[in-house]
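Visitor: If it helps, the file is called my_file_6.pdb and holds PDB, C-alpha atoms:
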ATOM      1  CA  MET E 145       1.323  10.175  11.034  1.00  0.00           C
ATOM      2  CA  LYS E 146      -2.122  11.521  11.854  1.00  0.00           C
ATOM      3  CA  GLU E 147      -2.967  15.198  11.442  1.00  0.00           C
ATOM      4  CA  LYS E 148      -3.258  15.770  15.192  1.00  0.00           C
ATOM      5  CA  ASP E 149       0.163  14.179  15.780  1.00  0.00           C
ATOM      6  CA  LYS E 150       1.663  16.244  12.955  1.00  0.00           C
ATOM      7  CA  LEU E 151       0.262  19.407  14.472  1.00  0.00           C
ATOM      8  CA  THR E 152       1.676  18.572  17.886  1.00  0.00           C
ATOM      9  CA  GLU E 153       5.080  17.919  16.307  1.00  0.00           C
ATOM     10  CA  ALA E 154       4.959  21.178  14.318  1.00  0.00           C
ATOM     11  CA  ILE E 155       4.072  23.098  17.468  1.00  0.00           C
ATOM     12  CA  ARG E 156       6.830  21.493  19.541  1.00  0.00           C
ATOM     13  CA  SER E 157       9.541  21.916  16.925  1.00  0.00           C
ATOM     14  CA  ARG E 158       8.453  25.509  16.101  1.00  0.00           C
ATOM     15  CA  LYS E 159       8.968  24.656  12.417  1.00  0.00           C
ATOM     16  CA  ASP E 160       6.772  23.741   9.508  1.00  0.00           C
ATOM     17  CA  ILE E 161       6.384  20.079   8.636  1.00  0.00           C
ATOM     18  CA  GLU E 162       8.752  18.833   5.976  1.00  0.00           C
ATOM     19  CA  PRO E 163       7.166  18.462   2.544  1.00  0.00           C
ATOM     20  CA  ALA E 164       5.788  15.056   1.640  1.00  0.00           C
ATOM     21  CA  ARG E 165       8.064  12.965  -0.574  1.00  0.00           C
ATOM     22  CA  ILE E 166       7.915   9.487  -2.034  1.00  0.00           C
ATOM     23  CA  SER E 167      10.902   7.312  -2.793  1.00  0.00           C
ATOM     24  CA  LEU E 168      11.579   5.875  -6.235  1.00  0.00           C
ATOM     25  CA  ARG E 169      12.863   2.730  -4.544  1.00  0.00           C
ATOM     26  CA  LYS E 170       9.556   2.268  -2.710  1.00  0.00           C
ATOM     27  CA  LEU E 171       7.558   2.896  -5.865  1.00  0.00           C
ATOM     28  CA  LEU E 172       9.550   0.319  -7.817  1.00  0.00           C
ATOM     29  CA  THR E 173       9.458  -2.159  -4.939  1.00  0.00           C
ATOM     30  CA  ALA E 174       5.670  -1.862  -4.781  1.00  0.00           C
ATOM     31  CA  GLY E 175       5.549  -2.783  -8.474  1.00  0.00           C
ATOM     32  CA  ASN E 176       8.132  -5.614  -8.124  1.00  0.00           C
ATOM     33  CA  MET E 177      10.568  -3.642 -10.300  1.00  0.00           C
ATOM     34  CA  GLU E 178      13.188  -2.739  -7.679  1.00  0.00           C
ATOM     35  CA  HIS E 179      16.009  -4.224  -9.774  1.00  0.00           C
ATOM     36  CA  TYR E 180      15.483  -1.387 -12.304  1.00  0.00           C
ATOM     37  CA  LEU E 181      16.251   1.355  -9.759  1.00  0.00           C
ATOM     38  CA  LYS E 182      19.617   2.390 -11.203  1.00  0.00           C
ATOM     39  CA  LEU E 183      18.376   2.288 -14.786  1.00  0.00           C
ATOM     40  CA  CYS E 184      15.281   4.334 -13.947  1.00  0.00           C
ATOM     41  CA  SER E 185      17.333   6.869 -11.944  1.00  0.00           C
ATOM     42  CA  ASP E 186      19.780   7.211 -14.822  1.00  0.00           C
ATOM     43  CA  ARG E 187      16.972   7.825 -17.312  1.00  0.00           C
ATOM     44  CA  ILE E 188      15.464  10.510 -15.092  1.00  0.00           C
ATOM     45  CA  ALA E 189      18.888  12.158 -14.748  1.00  0.00           C
ATOM     46  CA  GLU E 190      19.523  11.972 -18.523  1.00  0.00           C
ATOM     47  CA  ASN E 191      16.222  13.738 -19.166  1.00  0.00           C
ATOM     48  CA  GLU E 192      17.320  16.473 -16.703  1.00  0.00           C
ATOM     49  CA  ARG E 193      14.380  15.963 -14.365  1.00  0.00           C
ATOM     50  CA  ILE E 194      16.434  16.147 -11.148  1.00  0.00           C
ATOM     51  CA  ASP E 195      16.043  19.758 -10.077  1.00  0.00           C
ATOM     52  CA  GLY E 196      16.735  19.523  -6.330  1.00  0.00           C
ATOM     53  CA  ALA E 197      13.283  20.816  -5.410  1.00  0.00           C
ATOM     54  CA  ASN E 198      10.634  18.583  -6.970  1.00  0.00           C
ATOM     55  CA  THR E 199      12.940  15.652  -7.687  1.00  0.00           C
ATOM     56  CA  GLN E 200      15.913  15.140  -5.392  1.00  0.00           C
ATOM     57  CA  ILE E 201      18.719  12.656  -5.023  1.00  0.00           C
ATOM     58  CA  ASN E 202      18.368  10.645  -1.842  1.00  0.00           C
ATOM     59  CA  PHE E 203      21.987  10.870  -0.693  1.00  0.00           C
ATOM     60  CA  ALA E 204      21.300   8.539   2.221  1.00  0.00           C
ATOM     61  CA  ASP E 205      20.257   5.788  -0.204  1.00  0.00           C
ATOM     62  CA  PHE E 206      21.917   6.522  -3.549  1.00  0.00           C
ATOM     63  CA  PRO E 207      20.798   6.016  -6.440  1.00  0.00           C
ATOM     64  CA  ASP E 208      17.332   6.472  -4.974  1.00  0.00           C
ATOM     65  CA  LEU E 209      15.339   9.607  -5.826  1.00  0.00           C
ATOM     66  CA  LEU E 210      12.704  11.459  -3.836  1.00  0.00           C
ATOM     67  CA  PHE E 211       9.666  13.047  -5.511  1.00  0.00           C
ATOM     68  CA  ASN E 212       7.060  15.508  -4.376  1.00  0.00           C
ATOM     69  CA  SER E 213       3.784  15.586  -6.326  1.00  0.00           C
ATOM     70  CA  ASP E 214       5.175  17.946  -8.995  1.00  0.00           C
ATOM     71  CA  GLY E 215       8.307  15.849  -9.445  1.00  0.00           C
ATOM     72  CA  LEU E 216       6.301  12.654  -9.742  1.00  0.00           C
ATOM     73  CA  TRP E 217       4.050  14.298 -12.318  1.00  0.00           C
ATOM     74  CA  ASP E 218       7.063  15.574 -14.319  1.00  0.00           C
ATOM     75  CA  CYS E 219       8.664  12.119 -14.362  1.00  0.00           C
ATOM     76  CA  ARG E 220       5.482  10.110 -14.955  1.00  0.00           C
ATOM     77  CA  HIS E 221       6.293   9.395 -18.626  1.00  0.00           C
ATOM     78  CA  ILE E 222       9.569   7.757 -17.644  1.00  0.00           C
ATOM     79  CA  LEU E 223       8.066   5.963 -14.646  1.00  0.00           C
ATOM     80  CA  GLU E 224       5.222   4.546 -16.772  1.00  0.00           C
ATOM     81  CA  ASP E 225       7.827   2.358 -18.487  1.00  0.00           C
ATOM     82  CA  TYR E 226       8.426   0.604 -15.155  1.00  0.00           C
ATOM     83  CA  LEU E 227       5.106   0.873 -13.323  1.00  0.00           C
ATOM     84  CA  PRO E 228       1.415   0.763 -14.271  1.00  0.00           C
ATOM     85  CA  ALA E 229      -0.146   4.179 -14.839  1.00  0.00           C
ATOM     86  CA  ASP E 230      -2.891   3.581 -12.264  1.00  0.00           C
ATOM     87  CA  ALA E 231      -0.316   2.844  -9.539  1.00  0.00           C
ATOM     88  CA  LEU E 232       1.506   6.068 -10.407  1.00  0.00           C
ATOM     89  CA  MET E 233      -1.728   8.067 -10.335  1.00  0.00           C
ATOM     90  CA  ASP E 234      -2.615   6.548  -6.953  1.00  0.00           C
ATOM     91  CA  ALA E 235       0.806   7.531  -5.582  1.00  0.00           C
ATOM     92  CA  TRP E 236       0.448  11.000  -7.076  1.00  0.00           C
ATOM     93  CA  GLN E 237      -3.002  11.426  -5.505  1.00  0.00           C
ATOM     94  CA  LEU E 238      -1.669  10.289  -2.125  1.00  0.00           C
ATOM     95  CA  LEU E 239       1.144  12.837  -2.386  1.00  0.00           C
ATOM     96  CA  LEU E 240      -1.341  15.597  -3.241  1.00  0.00           C
ATOM     97  CA  ASP E 241      -3.484  14.658  -0.232  1.00  0.00           C
ATOM     98  CA  GLU E 242      -0.438  14.567   2.045  1.00  0.00           C
ATOM     99  CA  GLU E 243       0.766  17.968   0.801  1.00  0.00           C
ATOM    100  CA  ARG E 244      -2.712  19.449   1.375  1.00  0.00           C
ATOM    101  CA  THR E 245      -2.749  18.042   4.895  1.00  0.00           C
ATOM    102  CA  ASN E 246       0.745  19.417   5.578  1.00  0.00           C
ATOM    103  CA  ARG E 247      -0.297  22.889   4.366  1.00  0.00           C
ATOM    104  CA  GLU E 248      -3.320  22.838   6.671  1.00  0.00           C
ATOM    105  CA  VAL E 249      -1.285  21.656   9.647  1.00  0.00           C
ATOM    106  CA  ASN E 250       1.416  24.260   8.975  1.00  0.00           C
ATOM    107  CA  SER E 251      -1.166  27.050   8.784  1.00  0.00           C
ATOM    108  CA  VAL E 252      -2.765  26.029  12.096  1.00  0.00           C
ATOM    109  CA  ALA E 253       0.664  25.771  13.748  1.00  0.00           C
ATOM    110  CA  ALA E 254       1.565  29.222  12.371  1.00  0.00           C
ATOM    111  CA  ALA E 255      -1.682  30.610  13.793  1.00  0.00           C
ATOM    112  CA  PHE E 256      -0.753  29.221  17.218  1.00  0.00           C
ATOM    113  CA  ARG E 257       2.743  30.736  16.913  1.00  0.00           C
ATOM    114  CA  LYS E 258       1.304  34.187  16.138  1.00  0.00           C
ATOM    115  CA  MET E 259      -1.040  34.239  19.131  1.00  0.00           C
ATOM    116  CA  LYS E 260      -0.027  36.055  22.284  1.00  0.00           C
ATOM    117  CA  TRP E 261       0.373  33.932  25.366  1.00  0.00           C
ATOM    118  CA  GLN E 262      -2.463  35.778  27.138  1.00  0.00           C
ATOM    119  CA  ASP E 263      -4.808  34.835  24.295  1.00  0.00           C
ATOM    120  CA  LEU E 264      -3.606  31.251  24.441  1.00  0.00           C
ATOM    121  CA  LEU E 265      -4.389  31.084  28.162  1.00  0.00           C
ATOM    122  CA  LYS E 266      -7.809  32.619  27.579  1.00  0.00           C
ATOM    123  CA  TYR E 267      -8.609  30.078  24.860  1.00  0.00           C
ATOM    124  CA  TYR E 268      -7.288  27.236  26.996  1.00  0.00           C
ATOM    125  CA  ILE E 269      -9.648  28.156  29.826  1.00  0.00           C
ATOM    126  CA  LYS E 270     -12.525  28.540  27.368  1.00  0.00           C
ATOM    127  CA  TRP E 271     -11.911  25.162  25.687  1.00  0.00           C
ATOM    128  CA  ARG E 272     -11.338  23.456  29.027  1.00  0.00           C
ATOM    129  CA  ALA E 273     -14.713  24.673  30.274  1.00  0.00           C
ATOM    130  CA  ARG E 274     -16.390  23.509  27.060  1.00  0.00           C
ATOM    131  CA  SER E 275     -14.812  20.075  27.266  1.00  0.00           C
ATOM    132  CA  ARG E 276     -16.403  19.485  30.657  1.00  0.00           C
ATOM    133  CA  LYS E 277     -19.900  19.841  29.220  1.00  0.00           C
ATOM    134  CA  GLU E 278     -21.551  16.554  28.282  1.00  0.00           C
ATOM    135  CA  ASP E 279     -22.892  17.727  24.906  1.00  0.00           C
ATOM    136  CA  ALA E 280     -19.442  18.786  23.681  1.00  0.00           C
ATOM    137  CA  GLY E 281     -17.467  16.714  21.194  1.00  0.00           C
ATOM    138  CA  GLN E 282     -15.314  14.491  23.376  1.00  0.00           C
ATOM    139  CA  GLU E 283     -12.321  14.241  21.055  1.00  0.00           C
ATOM    140  CA  VAL E 284     -11.881  17.720  19.592  1.00  0.00           C
ATOM    141  CA  LYS E 285     -11.890  19.864  22.693  1.00  0.00           C
ATOM    142  CA  PRO E 286      -9.211  17.948  24.641  1.00  0.00           C
ATOM    143  CA  LEU E 287      -7.079  18.025  21.490  1.00  0.00           C
ATOM    144  CA  VAL E 288      -7.324  21.810  21.281  1.00  0.00           C
ATOM    145  CA  CYS E 289      -6.317  22.036  24.942  1.00  0.00           C
ATOM    146  CA  ARG E 290      -3.385  19.713  24.262  1.00  0.00           C
ATOM    147  CA  TRP E 291      -2.250  21.852  21.307  1.00  0.00           C
ATOM    148  CA  ILE E 292      -2.488  25.045  23.350  1.00  0.00           C
ATOM    149  CA  THR E 293      -0.504  23.397  26.148  1.00  0.00           C
ATOM    150  CA  ALA E 294       2.134  22.249  23.648  1.00  0.00           C
ATOM    151  CA  GLU E 295       2.374  25.793  22.252  1.00  0.00           C
ATOM    152  CA  LEU E 296       2.798  27.309  25.710  1.00  0.00           C
ATOM    153  CA  ARG E 297       5.467  24.734  26.609  1.00  0.00           C
ATOM    154  CA  SER E 298       7.327  25.269  23.335  1.00  0.00           C
ATOM    155  CA  ARG E 299       7.654  28.962  24.190  1.00  0.00           C
ATOM    156  CA  SER E 300       9.356  28.286  27.512  1.00  0.00           C
ATOM    157  CA  PRO E 301      13.080  28.994  27.900  1.00  0.00           C
ATOM    158  CA  PHE E 302      13.745  25.325  28.639  1.00  0.00           C
ATOM    159  CA  SER E 303      12.229  24.283  25.319  1.00  0.00           C
ATOM    160  CA  ARG E 304      14.343  26.872  23.488  1.00  0.00           C
ATOM    161  CA  ILE E 305      17.487  25.569  25.177  1.00  0.00           C
ATOM    162  CA  TRP E 306      16.485  21.986  24.345  1.00  0.00           C
ATOM    163  CA  ARG E 307      15.898  22.807  20.663  1.00  0.00           C
ATOM    164  CA  LYS E 308      19.229  24.644  20.370  1.00  0.00           C
ATOM    165  CA  ALA E 309      21.122  21.832  22.108  1.00  0.00           C
ATOM    166  CA  ASN E 310      19.411  19.235  19.941  1.00  0.00           C
ATOM    167  CA  ARG E 311      20.334  21.117  16.738  1.00  0.00           C
ATOM    168  CA  ALA E 312      23.940  21.524  17.907  1.00  0.00           C
ATOM    169  CA  LEU E 313      24.263  17.829  18.768  1.00  0.00           C
ATOM    170  CA  THR E 314      22.730  16.836  15.435  1.00  0.00           C
ATOM    171  CA  ARG E 315      25.177  19.076  13.533  1.00  0.00           C
ATOM    172  CA  PHE E 316      28.083  17.628  15.518  1.00  0.00           C
ATOM    173  CA  TYR E 317      26.928  14.064  14.836  1.00  0.00           C
ATOM    174  CA  VAL E 318      26.609  14.730  11.087  1.00  0.00           C
ATOM    175  CA  ARG E 319      30.045  16.363  10.955  1.00  0.00           C
ATOM    176  CA  VAL E 320      31.649  13.415  12.704  1.00  0.00           C
ATOM    177  CA  LYS E 321      29.788  10.724  10.792  1.00  0.00           C
ATOM    178  CA  TYR E 322      30.287  12.258   7.336  1.00  0.00           C
ATOM    179  CA  ARG E 323      33.679  13.929   7.847  1.00  0.00           C
ATOM    180  CA  ARG E 324      35.277  11.886   5.055  1.00  0.00           C
ATOM    181  CA  LEU E 325      32.531  12.852   2.625  1.00  0.00           C
ATOM    182  CA  PHE E 326      32.866  16.527   3.592  1.00  0.00           C
ATOM    183  CA  ALA E 327      36.654  16.322   3.134  1.00  0.00           C
ATOM    184  CA  ILE E 328      36.244  14.823  -0.332  1.00  0.00           C
ATOM    185  CA  MET E 329      33.738  17.491  -1.286  1.00  0.00           C
ATOM    186  CA  ARG E 330      36.009  20.243   0.074  1.00  0.00           C
ATOM    187  CA  THR E 331      39.024  19.036  -1.913  1.00  0.00           C
ATOM    188  CA  ALA E 332      36.896  18.664  -5.054  1.00  0.00           C
ATOM    189  CA  ALA E 333      35.622  22.223  -4.635  1.00  0.00           C
ATOM    190  CA  GLU E 334      39.158  23.526  -4.134  1.00  0.00           C
ATOM    191  CA  LYS E 335      40.364  21.748  -7.273  1.00  0.00           C
ATOM    192  CA  HIS E 336      37.419  23.069  -9.245  1.00  0.00           C
ATOM    193  CA  ASN E 337      38.000  26.668  -8.197  1.00  0.00           C
TER     194      ASN E 337
END
Would you kindly transcribe this structure into structure tokens?
Guide:
Amino acid sequence: MKEKDKLTEAIRSRKDIEPARISLRKLLTAGNMEHYLKLCSDRIAENERIDGANTQINFADFPDLLFNSDGLWDCRHILEDYLPADALMDAWQLLLDEERTNREVNSVAAAFRKMKWQDLLKYYIKWRARSRKEDAGQEVKPLVCRWITAELRSRSPFSRIWRKANRALTRFYVRVKYRRLFAIMRTAAEKHN
């Protein structure tokens, strides 16, 4: 997803962009080593590298793991047994670049969120007038106007209602779809306590 699309999404959702992660399955598939997924996951777990923050279990695709740049760096010695070091360093560099981009997008979206609506309108009018001039950059100025418009729309009561309804429907869907898993976890927790 491009930076401008990420920013529009962050503005509309009123949340920061999720951190960048890379899948162990995709890494191994890229190196034609996908049949070693379970073995590699087990080795990472045995070395206690799964911390839930930098290295996470991908519950939607178990035994897959998800890494951020720190998790990939921590597990690189294990992963080098399955993949070439240059491929791992390329993936790590891509993750670092993606995390930097996400931080920048999140900071710009936070700046839009902090602005008062009067200031947003003032800037919209200012950027709109600039975009009509011939010497102005033709791509940047309409984008700024689009971001300001998205911010103003995301503050409307209808957008708030839509976000709340969407979250409620998503929670309901997850509860229905994974009710058996939640029941198993609940009984296991009761037995443990």
Visitor: Can you work out which one of E:Ile155, E:Ile222, E:Ile161, E:Ala204 has the shortest atom-to-atom distance to Ser185 (chain E), counting all atoms listed in the file?
Guide: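 Result for the nearest residue to Ser185 (chain E): E:Ile222.
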Visitor: Listed atoms of region 208-226 of chain E, axis-aligned box, 6 Å per side: centre and edge lengths to one decimal in Å, as JSON?
Guide:
{"center_x": 10.6, "center_y": 9.3, "center_z": -11.2, "size_x": 25.5, "size_y": 29.3, "size_z": 26.8}
Visitor: Please write the residues picked by the PyMOL selection byres ((chain E and resi 235) around 12) on this file as a ChimeraX atom specification.
Guide: /E:164-168,170-172,174-175,211-217,220,223,227-234,236-242
Visitor: One decimal, Å: what's the distance from CA of Asp160 (chain E) over to CA of Val252 (chain E), could you say?
Guide: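 These two atoms are separated by 10.1 Å.
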Visitor: Report, in Å to a single decimal, how far apart CA of Ala253 (chain E) and CA of Arg297 (chain E) are.
Guide: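 Rounded to one decimal, the two atoms are 13.8 Å apart.
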Visitor: Which residues fall under the PyMOL selection byres ((chain E and resi 296) around 10) in this file, as a VMD selection string?
Guide: chain E and resid 155 to 156 256 to 257 260 to 261 264 to 265 290 to 295 297 to 300 303
Visitor: Let me make sure I understand: among E:Ile305, E:Glu224, E:Val288, E:Thr331, which one has the smallest atom-to-atom distance to Met177 (chain E) if we use all atoms listed in the file?
Guide: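 Closest to Met177 (chain E) of all the choices is E:Glu224.
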Visitor: Nearest to Glu153 (chain E): which of E:Asn191, E:Asn250, E:Thr199, E:Thr245 is it, counting all atoms listed in the file?
Guide: E:Asn250
Visitor: Reconstruct region 181-210 of chain E at the level of N, CA and C atoms, and format the result as a CSV table (one decimal), in the coordinates of the input.
Guide:
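To be explicit, this is the file written out as selection.csv:
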chain,number,residue,atom,x,y,z
E,181,LEU,N,16.1,0.1,-10.4
E,181,LEU,CA,16.3,1.4,-9.8
E,181,LEU,C,17.3,2.2,-10.4
E,182,LYS,N,18.5,1.6,-10.6
E,182,LYS,CA,19.6,2.4,-11.2
E,182,LYS,C,19.3,2.8,-12.6
E,183,LEU,N,18.7,1.9,-13.4
E,183,LEU,CA,18.4,2.3,-14.8
E,183,LEU,C,17.3,3.4,-14.8
E,184,CYS,N,16.3,3.3,-14.0
E,184,CYS,CA,15.3,4.3,-13.9
E,184,CYS,C,15.9,5.7,-13.5
E,185,SER,N,16.7,5.6,-12.4
E,185,SER,CA,17.3,6.9,-11.9
E,185,SER,C,18.2,7.5,-13.0
E,186,ASP,N,18.9,6.7,-13.7
E,186,ASP,CA,19.8,7.2,-14.8
E,186,ASP,C,18.9,7.9,-15.9
E,187,ARG,N,17.8,7.2,-16.3
E,187,ARG,CA,17.0,7.8,-17.3
E,187,ARG,C,16.4,9.2,-16.9
E,188,ILE,N,16.0,9.2,-15.6
E,188,ILE,CA,15.5,10.5,-15.1
E,188,ILE,C,16.5,11.6,-15.1
E,189,ALA,N,17.8,11.2,-14.7
E,189,ALA,CA,18.9,12.2,-14.7
E,189,ALA,C,19.2,12.6,-16.2
E,190,GLU,N,19.2,11.6,-17.1
E,190,GLU,CA,19.5,12.0,-18.5
E,190,GLU,C,18.5,12.9,-19.1
E,191,ASN,N,17.3,12.8,-18.7
E,191,ASN,CA,16.2,13.7,-19.2
E,191,ASN,C,16.2,15.0,-18.4
E,192,GLU,N,17.2,15.2,-17.5
E,192,GLU,CA,17.3,16.5,-16.7
E,192,GLU,C,16.1,16.8,-15.9
E,193,ARG,N,15.6,15.8,-15.2
E,193,ARG,CA,14.4,16.0,-14.4
E,193,ARG,C,14.7,16.1,-12.9
E,194,ILE,N,16.0,16.0,-12.5
E,194,ILE,CA,16.4,16.1,-11.1
E,194,ILE,C,16.8,17.6,-11.0
E,195,ASP,N,15.9,18.3,-10.3
E,195,ASP,CA,16.0,19.8,-10.1
E,195,ASP,C,16.4,20.2,-8.6
E,196,GLY,N,16.4,19.2,-7.7
E,196,GLY,CA,16.7,19.5,-6.3
E,196,GLY,C,15.6,20.0,-5.5
E,197,ALA,N,14.5,20.4,-6.1
E,197,ALA,CA,13.3,20.8,-5.4
E,197,ALA,C,12.2,19.8,-5.5
E,198,ASN,N,11.7,19.5,-6.8
E,198,ASN,CA,10.6,18.6,-7.0
E,198,ASN,C,11.1,17.1,-7.0
E,199,THR,N,12.3,17.0,-7.6
E,199,THR,CA,12.9,15.7,-7.7
E,199,THR,C,14.3,15.8,-7.1
E,200,GLN,N,14.6,15.0,-6.1
E,200,GLN,CA,15.9,15.1,-5.4
E,200,GLN,C,16.6,13.8,-5.3
E,201,ILE,N,17.9,13.9,-5.3
E,201,ILE,CA,18.7,12.7,-5.0
E,201,ILE,C,18.6,12.3,-3.5
E,202,ASN,N,18.4,11.1,-3.2
E,202,ASN,CA,18.4,10.6,-1.8
E,202,ASN,C,19.8,10.2,-1.5
E,203,PHE,N,20.6,11.1,-1.0
E,203,PHE,CA,22.0,10.9,-0.7
E,203,PHE,C,22.2,9.8,0.4
E,204,ALA,N,21.2,9.6,1.2
E,204,ALA,CA,21.3,8.5,2.2
E,204,ALA,C,21.1,7.1,1.6
E,205,ASP,N,20.5,7.1,0.4
E,205,ASP,CA,20.3,5.8,-0.2
E,205,ASP,C,20.4,5.9,-1.7
E,206,PHE,N,21.6,6.3,-2.1
E,206,PHE,CA,21.9,6.5,-3.5
E,206,PHE,C,21.9,5.2,-4.3
E,207,PRO,N,21.3,5.1,-5.4
E,207,PRO,CA,20.8,6.0,-6.4
E,207,PRO,C,19.3,6.3,-6.3
E,208,ASP,N,18.8,6.2,-5.2
E,208,ASP,CA,17.3,6.5,-5.0
E,208,ASP,C,17.0,8.0,-5.2
E,209,LEU,N,15.8,8.2,-5.6
E,209,LEU,CA,15.3,9.6,-5.8
E,209,LEU,C,14.1,9.8,-5.0
E,210,LEU,N,13.9,11.1,-4.6
E,210,LEU,CA,12.7,11.5,-3.8
E,210,LEU,C,11.9,12.4,-4.7
